[in-house]
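Everything below concerns the one structure shown next.
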Amino acid sequence: MRKITIGLFVLCLILMMNSVTAVPSGNYFKQITIDHNYVNGSQTDFPMMINITDTDLAEKAQADGDDIVFFNSDNTTQLDHQIEGTFNSATGNLKAWIRIPELSNTTNSTIYMYYNNSDANNTENSSGVWGVNASGIWLMDEGTGTAVNDSSGNENHGVNSGADWIANGLDF
């Protein structure tokens, strides 16, 4: 009887170990829940923006934000993302666009943001966020000057010819 109990215990441990999902590298993560009540209809490959200021990011993420990555709810699928402008490591302010593969209007969607990986390199993929059919994506958030940069990856940059900058955006 004792051998059967030990055998069942070992079998349960093996099954539990096999069911553990591999966690992406990064010592810290934040769960981001998208409330389905704010989604008008189900979406596929939806570019979603997050704008957060978080002291954990300020204290633990790389100064350039290269270690900030996003994963689907399965914790195995890395999501395409683009950090808008630059990550502010002093305040922890992050503006990022993330391509959400499937966004439901009937159930909440969850993604994860991982950070604090000193070995990480930049994995931003702006063309993956916006899709291959985008000719140009102009966020118009440069804040000063005449440049209006294209985020699609196609290098279709523009020039501001008269609109005024108001709080990092163009007023026209």
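In the structure tokens, chains take letters A, B, ... by order of appearance, with residues numbered from 1 within each chain and ligands from 1 in the order shown.
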
DSSP helix (DSSP H, G or I) residues within chain A, as number ranges by chain: A: 2-19, 36-38, 55-60, 126-130

Kindly save the residues from that selection, with C-alpha atoms included, as a short mmCIF file (atom, residue, chain, number, x, y, z; two decimals), in the first residue's frame.
data_model
loop_
_atom_site.label_atom_id
_atom_site.label_comp_id
_atom_site.auth_asym_id
_atom_site.auth_seq_id
_atom_site.Cartn_x
_atom_site.Cartn_y
_atom_site.Cartn_z
CA ARG A 2 2.84 2.37 0.85
CA LYS A 3 4.48 1.77 -2.57
CA ILE A 4 1.21 2.58 -4.33
CA THR A 5 0.81 5.83 -2.33
CA ILE A 6 4.40 6.91 -3.09
CA GLY A 7 3.92 5.95 -6.75
CA LEU A 8 0.73 8.03 -7.00
CA PHE A 9 2.46 10.96 -5.30
CA VAL A 10 5.37 10.82 -7.77
CA LEU A 11 2.93 10.51 -10.70
CA CYS A 12 1.01 13.57 -9.47
CA LEU A 13 4.26 15.56 -9.20
CA ILE A 14 5.23 14.60 -12.76
CA LEU A 15 1.81 15.60 -14.08
CA MET A 16 1.94 18.91 -12.20
CA MET A 17 5.43 19.68 -13.53
CA ASN A 18 4.35 18.93 -17.10
CA SER A 19 1.37 21.27 -16.81
CA HIS A 36 -14.90 43.50 -22.48
CA ASN A 37 -17.53 46.15 -21.68
CA TYR A 38 -15.34 48.70 -23.50
CA THR A 55 7.16 53.07 -9.94
CA ASP A 56 7.99 49.36 -10.36
CA LEU A 57 8.93 50.05 -13.99
CA ALA A 58 11.00 53.07 -12.93
CA GLU A 59 12.89 51.01 -10.34
CA LYS A 60 13.26 47.65 -12.10
CA SER A 126 6.14 48.19 -35.09
CA SER A 127 5.22 46.65 -38.45
CA GLY A 128 3.85 43.63 -36.56
CA VAL A 129 1.67 45.93 -34.46
CA TRP A 130 0.22 47.82 -37.41
#

Nearby residues (only C-alpha atoms) at most 10 Å from range 40-49 of chain A, same-chain spacing under 6 positions excluded, as a PyMOL selection string: chain A and resi 34+80-84+95-107+128-131

Nearby residues (only C-alpha atoms) at most 10 Å from Val159 in chain A, same-chain spacing under 3 positions excluded, as a PyMOL selection string: chain A and resi 145-149+162

From the DSSP assignment of the backbone, select every residue of chain A that is strand (DSSP E or B), and format the answer as a PDB file with N, CA and C atoms, in the first residue's frame.
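Heads up, here's the output in out_3.pdb:
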ATOM      1  N   TYR A  28       9.867  40.287 -13.174  1.00  0.00           N
ATOM      2  CA  TYR A  28       8.621  40.889 -12.720  1.00  0.00           C
ATOM      3  C   TYR A  28       7.616  40.932 -13.867  1.00  0.00           C
ATOM      4  N   PHE A  29       6.347  40.901 -13.510  1.00  0.00           N
ATOM      5  CA  PHE A  29       5.316  41.027 -14.533  1.00  0.00           C
ATOM      6  C   PHE A  29       4.113  41.751 -13.961  1.00  0.00           C
ATOM      7  N   LYS A  30       3.320  42.294 -14.863  1.00  0.00           N
ATOM      8  CA  LYS A  30       2.045  42.919 -14.526  1.00  0.00           C
ATOM      9  C   LYS A  30       0.981  42.268 -15.398  1.00  0.00           C
ATOM     10  N   GLN A  31      -0.117  41.910 -14.788  1.00  0.00           N
ATOM     11  CA  GLN A  31      -1.258  41.404 -15.551  1.00  0.00           C
ATOM     12  C   GLN A  31      -2.077  42.600 -16.016  1.00  0.00           C
ATOM     13  N   ILE A  32      -2.417  42.618 -17.294  1.00  0.00           N
ATOM     14  CA  ILE A  32      -3.235  43.684 -17.863  1.00  0.00           C
ATOM     15  C   ILE A  32      -4.543  43.054 -18.328  1.00  0.00           C
ATOM     16  N   THR A  33      -5.643  43.498 -17.742  1.00  0.00           N
ATOM     17  CA  THR A  33      -6.957  42.964 -18.088  1.00  0.00           C
ATOM     18  C   THR A  33      -7.723  44.003 -18.899  1.00  0.00           C
ATOM     19  N   ILE A  34      -8.239  43.575 -20.032  1.00  0.00           N
ATOM     20  CA  ILE A  34      -9.006  44.447 -20.917  1.00  0.00           C
ATOM     21  C   ILE A  34     -10.483  44.140 -20.688  1.00  0.00           C
ATOM     22  N   GLN A  43     -12.601  41.808 -32.014  1.00  0.00           N
ATOM     23  CA  GLN A  43     -11.550  42.349 -32.874  1.00  0.00           C
ATOM     24  C   GLN A  43     -10.467  41.299 -33.085  1.00  0.00           C
ATOM     25  N   THR A  44      -9.830  41.346 -34.241  1.00  0.00           N
ATOM     26  CA  THR A  44      -8.688  40.486 -34.552  1.00  0.00           C
ATOM     27  C   THR A  44      -7.496  41.373 -34.877  1.00  0.00           C
ATOM     28  N   ASP A  45      -6.336  41.039 -34.301  1.00  0.00           N
ATOM     29  CA  ASP A  45      -5.093  41.792 -34.524  1.00  0.00           C
ATOM     30  C   ASP A  45      -5.295  43.282 -34.266  1.00  0.00           C
ATOM     31  N   PHE A  46      -5.810  43.583 -33.093  1.00  0.00           N
ATOM     32  CA  PHE A  46      -6.168  44.947 -32.718  1.00  0.00           C
ATOM     33  C   PHE A  46      -4.987  45.658 -32.059  1.00  0.00           C
ATOM     34  N   PRO A  47      -4.534  46.810 -32.602  1.00  0.00           N
ATOM     35  CA  PRO A  47      -3.479  47.584 -31.940  1.00  0.00           C
ATOM     36  C   PRO A  47      -4.068  48.351 -30.756  1.00  0.00           C
ATOM     37  N   MET A  48      -3.647  47.990 -29.548  1.00  0.00           N
ATOM     38  CA  MET A  48      -4.152  48.619 -28.336  1.00  0.00           C
ATOM     39  C   MET A  48      -3.039  49.427 -27.684  1.00  0.00           C
ATOM     40  N   MET A  49      -3.380  50.618 -27.222  1.00  0.00           N
ATOM     41  CA  MET A  49      -2.393  51.453 -26.551  1.00  0.00           C
ATOM     42  C   MET A  49      -2.552  51.358 -25.043  1.00  0.00           C
ATOM     43  N   ILE A  50      -1.423  51.265 -24.345  1.00  0.00           N
ATOM     44  CA  ILE A  50      -1.441  51.432 -22.897  1.00  0.00           C
ATOM     45  C   ILE A  50      -0.580  52.644 -22.579  1.00  0.00           C
ATOM     46  N   ASN A  51      -0.995  53.393 -21.586  1.00  0.00           N
ATOM     47  CA  ASN A  51      -0.252  54.560 -21.124  1.00  0.00           C
ATOM     48  C   ASN A  51      -0.267  54.493 -19.609  1.00  0.00           C
ATOM     49  N   ILE A  52       0.845  54.090 -19.023  1.00  0.00           N
ATOM     50  CA  ILE A  52       0.900  53.915 -17.578  1.00  0.00           C
ATOM     51  C   ILE A  52       2.131  54.612 -17.014  1.00  0.00           C
ATOM     52  N   THR A  53       2.037  54.993 -15.766  1.00  0.00           N
ATOM     53  CA  THR A  53       3.190  55.450 -14.996  1.00  0.00           C
ATOM     54  C   THR A  53       3.245  54.549 -13.780  1.00  0.00           C
ATOM     55  N   VAL A  69       8.402  43.527 -22.375  1.00  0.00           N
ATOM     56  CA  VAL A  69       7.797  42.684 -23.405  1.00  0.00           C
ATOM     57  C   VAL A  69       6.383  42.309 -22.970  1.00  0.00           C
ATOM     58  N   PHE A  70       5.582  41.912 -23.928  1.00  0.00           N
ATOM     59  CA  PHE A  70       4.186  41.572 -23.671  1.00  0.00           C
ATOM     60  C   PHE A  70       3.912  40.165 -24.170  1.00  0.00           C
ATOM     61  N   PHE A  71       3.122  39.414 -23.393  1.00  0.00           N
ATOM     62  CA  PHE A  71       2.761  38.046 -23.749  1.00  0.00           C
ATOM     63  C   PHE A  71       1.255  37.877 -23.667  1.00  0.00           C
ATOM     64  N   ASN A  72       0.741  36.988 -24.513  1.00  0.00           N
ATOM     65  CA  ASN A  72      -0.666  36.632 -24.507  1.00  0.00           C
ATOM     66  C   ASN A  72      -1.006  35.923 -23.200  1.00  0.00           C
ATOM     67  N   GLN A  78       4.697  35.672 -27.429  1.00  0.00           N
ATOM     68  CA  GLN A  78       5.076  37.073 -27.292  1.00  0.00           C
ATOM     69  C   GLN A  78       4.297  37.902 -28.304  1.00  0.00           C
ATOM     70  N   HIS A  81       4.886  44.597 -30.229  1.00  0.00           N
ATOM     71  CA  HIS A  81       4.643  45.856 -29.536  1.00  0.00           C
ATOM     72  C   HIS A  81       5.570  46.941 -30.064  1.00  0.00           C
ATOM     73  N   GLN A  82       5.189  48.166 -29.783  1.00  0.00           N
ATOM     74  CA  GLN A  82       5.988  49.338 -30.125  1.00  0.00           C
ATOM     75  C   GLN A  82       5.893  50.306 -28.962  1.00  0.00           C
ATOM     76  N   ILE A  83       7.040  50.727 -28.432  1.00  0.00           N
ATOM     77  CA  ILE A  83       7.039  51.757 -27.405  1.00  0.00           C
ATOM     78  C   ILE A  83       6.972  53.101 -28.119  1.00  0.00           C
ATOM     79  N   ASN A  88      10.236  56.460 -20.115  1.00  0.00           N
ATOM     80  CA  ASN A  88      10.792  57.379 -19.132  1.00  0.00           C
ATOM     81  C   ASN A  88      11.156  56.590 -17.885  1.00  0.00           C
ATOM     82  N   ASN A  93       7.012  56.101 -16.789  1.00  0.00           N
ATOM     83  CA  ASN A  93       5.947  56.328 -17.767  1.00  0.00           C
ATOM     84  C   ASN A  93       6.227  55.539 -19.035  1.00  0.00           C
ATOM     85  N   LEU A  94       5.247  54.762 -19.443  1.00  0.00           N
ATOM     86  CA  LEU A  94       5.348  53.929 -20.634  1.00  0.00           C
ATOM     87  C   LEU A  94       4.099  54.120 -21.477  1.00  0.00           C
ATOM     88  N   LYS A  95       4.315  54.466 -22.748  1.00  0.00           N
ATOM     89  CA  LYS A  95       3.245  54.446 -23.749  1.00  0.00           C
ATOM     90  C   LYS A  95       3.651  53.381 -24.742  1.00  0.00           C
ATOM     91  N   ALA A  96       2.814  52.382 -24.893  1.00  0.00           N
ATOM     92  CA  ALA A  96       3.141  51.287 -25.807  1.00  0.00           C
ATOM     93  C   ALA A  96       1.894  50.862 -26.561  1.00  0.00           C
ATOM     94  N   TRP A  97       2.115  50.460 -27.803  1.00  0.00           N
ATOM     95  CA  TRP A  97       1.075  49.872 -28.639  1.00  0.00           C
ATOM     96  C   TRP A  97       1.345  48.381 -28.715  1.00  0.00           C
ATOM     97  N   ILE A  98       0.323  47.571 -28.464  1.00  0.00           N
ATOM     98  CA  ILE A  98       0.453  46.115 -28.460  1.00  0.00           C
ATOM     99  C   ILE A  98      -0.596  45.546 -29.407  1.00  0.00           C
ATOM    100  N   ARG A  99      -0.186  44.614 -30.271  1.00  0.00           N
ATOM    101  CA  ARG A  99      -1.154  43.945 -31.152  1.00  0.00           C
ATOM    102  C   ARG A  99      -1.795  42.810 -30.367  1.00  0.00           C
ATOM    103  N   ILE A 100      -3.096  42.917 -30.152  1.00  0.00           N
ATOM    104  CA  ILE A 100      -3.850  41.892 -29.433  1.00  0.00           C
ATOM    105  C   ILE A 100      -4.449  40.960 -30.485  1.00  0.00           C
ATOM    106  N   PRO A 101      -4.043  39.673 -30.508  1.00  0.00           N
ATOM    107  CA  PRO A 101      -4.521  38.756 -31.558  1.00  0.00           C
ATOM    108  C   PRO A 101      -6.039  38.619 -31.605  1.00  0.00           C
ATOM    109  N   GLU A 102      -6.672  38.473 -30.442  1.00  0.00           N
ATOM    110  CA  GLU A 102      -8.129  38.355 -30.392  1.00  0.00           C
ATOM    111  C   GLU A 102      -8.632  39.117 -29.180  1.00  0.00           C
ATOM    112  N   LEU A 103      -9.546  40.040 -29.426  1.00  0.00           N
ATOM    113  CA  LEU A 103     -10.111  40.865 -28.372  1.00  0.00           C
ATOM    114  C   LEU A 103     -11.619  40.632 -28.369  1.00  0.00           C
ATOM    115  N   SER A 109     -10.231  40.094 -21.679  1.00  0.00           N
ATOM    116  CA  SER A 109      -8.991  39.570 -22.260  1.00  0.00           C
ATOM    117  C   SER A 109      -7.841  39.932 -21.330  1.00  0.00           C
ATOM    118  N   THR A 110      -6.863  39.050 -21.236  1.00  0.00           N
ATOM    119  CA  THR A 110      -5.722  39.267 -20.357  1.00  0.00           C
ATOM    120  C   THR A 110      -4.430  39.135 -21.143  1.00  0.00           C
ATOM    121  N   ILE A 111      -3.504  40.060 -20.908  1.00  0.00           N
ATOM    122  CA  ILE A 111      -2.140  39.953 -21.413  1.00  0.00           C
ATOM    123  C   ILE A 111      -1.208  40.221 -20.240  1.00  0.00           C
ATOM    124  N   TYR A 112       0.064  39.941 -20.430  1.00  0.00           N
ATOM    125  CA  TYR A 112       1.056  40.155 -19.385  1.00  0.00           C
ATOM    126  C   TYR A 112       2.199  41.006 -19.907  1.00  0.00           C
ATOM    127  N   MET A 113       2.684  41.905 -19.056  1.00  0.00           N
ATOM    128  CA  MET A 113       3.855  42.709 -19.362  1.00  0.00           C
ATOM    129  C   MET A 113       4.982  42.244 -18.437  1.00  0.00           C
ATOM    130  N   TYR A 114       6.102  41.836 -19.028  1.00  0.00           N
ATOM    131  CA  TYR A 114       7.268  41.396 -18.267  1.00  0.00           C
ATOM    132  C   TYR A 114       8.379  42.423 -18.379  1.00  0.00           C
ATOM    133  N   TYR A 115       9.189  42.533 -17.318  1.00  0.00           N
ATOM    134  CA  TYR A 115      10.305  43.476 -17.300  1.00  0.00           C
ATOM    135  C   TYR A 115      11.325  43.020 -16.264  1.00  0.00           C
ATOM    136  N   TRP A 138       0.941  57.631 -38.408  1.00  0.00           N
ATOM    137  CA  TRP A 138       1.509  58.858 -37.876  1.00  0.00           C
ATOM    138  C   TRP A 138       0.839  59.156 -36.542  1.00  0.00           C
ATOM    139  N   ALA A 147       9.181  67.358 -37.633  1.00  0.00           N
ATOM    140  CA  ALA A 147       9.102  65.945 -38.026  1.00  0.00           C
ATOM    141  C   ALA A 147       7.790  65.318 -37.566  1.00  0.00           C
ATOM    142  N   VAL A 148       7.181  64.531 -38.446  1.00  0.00           N
ATOM    143  CA  VAL A 148       6.019  63.704 -38.123  1.00  0.00           C
ATOM    144  C   VAL A 148       6.395  62.301 -38.589  1.00  0.00           C
ATOM    145  N   ASP A 150       6.680  58.227 -39.157  1.00  0.00           N
ATOM    146  CA  ASP A 150       5.852  57.089 -39.542  1.00  0.00           C
ATOM    147  C   ASP A 150       6.213  55.899 -38.663  1.00  0.00           C
ATOM    148  N   GLY A 158       6.555  62.443 -42.382  1.00  0.00           N
ATOM    149  CA  GLY A 158       5.962  63.681 -42.860  1.00  0.00           C
ATOM    150  C   GLY A 158       6.629  64.889 -42.239  1.00  0.00           C
ATOM    151  N   VAL A 159       6.177  66.048 -42.658  1.00  0.00           N
ATOM    152  CA  VAL A 159       6.694  67.313 -42.151  1.00  0.00           C
ATOM    153  C   VAL A 159       5.512  68.166 -41.708  1.00  0.00           C
ATOM    154  N   ASP A 164       0.213  73.595 -34.661  1.00  0.00           N
ATOM    155  CA  ASP A 164       0.905  73.898 -33.408  1.00  0.00           C
ATOM    156  C   ASP A 164       0.991  72.663 -32.528  1.00  0.00           C
ATOM    157  N   TRP A 165       2.118  72.547 -31.816  1.00  0.00           N
ATOM    158  CA  TRP A 165       2.289  71.466 -30.847  1.00  0.00           C
ATOM    159  C   TRP A 165       1.615  71.870 -29.545  1.00  0.00           C
ATOM    160  N   ILE A 166       0.715  71.041 -29.071  1.00  0.00           N
ATOM    161  CA  ILE A 166       0.053  71.243 -27.790  1.00  0.00           C
ATOM    162  C   ILE A 166       0.229  69.960 -26.989  1.00  0.00           C
ATOM    163  N   GLY A 169       1.272  66.801 -28.799  1.00  0.00           N
ATOM    164  CA  GLY A 169       0.423  66.436 -29.929  1.00  0.00           C
ATOM    165  C   GLY A 169       0.211  67.638 -30.836  1.00  0.00           C
ATOM    166  N   LEU A 170      -0.231  67.386 -32.034  1.00  0.00           N
ATOM    167  CA  LEU A 170      -0.484  68.467 -32.986  1.00  0.00           C
ATOM    168  C   LEU A 170      -1.918  68.961 -32.873  1.00  0.00           C
ATOM    169  N   ASP A 171      -2.092  70.273 -32.916  1.00  0.00           N
ATOM    170  CA  ASP A 171      -3.405  70.907 -32.903  1.00  0.00           C
ATOM    171  C   ASP A 171      -3.631  71.533 -34.268  1.00  0.00           C
TER     172      ASP A 171
END

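Separating CA of Ser118 in chain A from CA of Glu142 in chain A is a distance of 28.4 Å.
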
Counting only C-alpha atoms, the option among A:Glu124, A:Phe172, A:Ile137, A:Gly143 closest to Glu155 in chain A: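 Nearest candidate to Glu155 in chain A out of A:Glu124, A:Phe172, A:Ile137, A:Gly143: A:Ile137.
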
Interatomic distance (Å, one decimal) between CA of Val39 in chain A and CA of Ser73 in chain A: 17.6 Å

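Relative to CA of Ser152 in chain A, CA of Asp67 in chain A is found at 21.6 Å.
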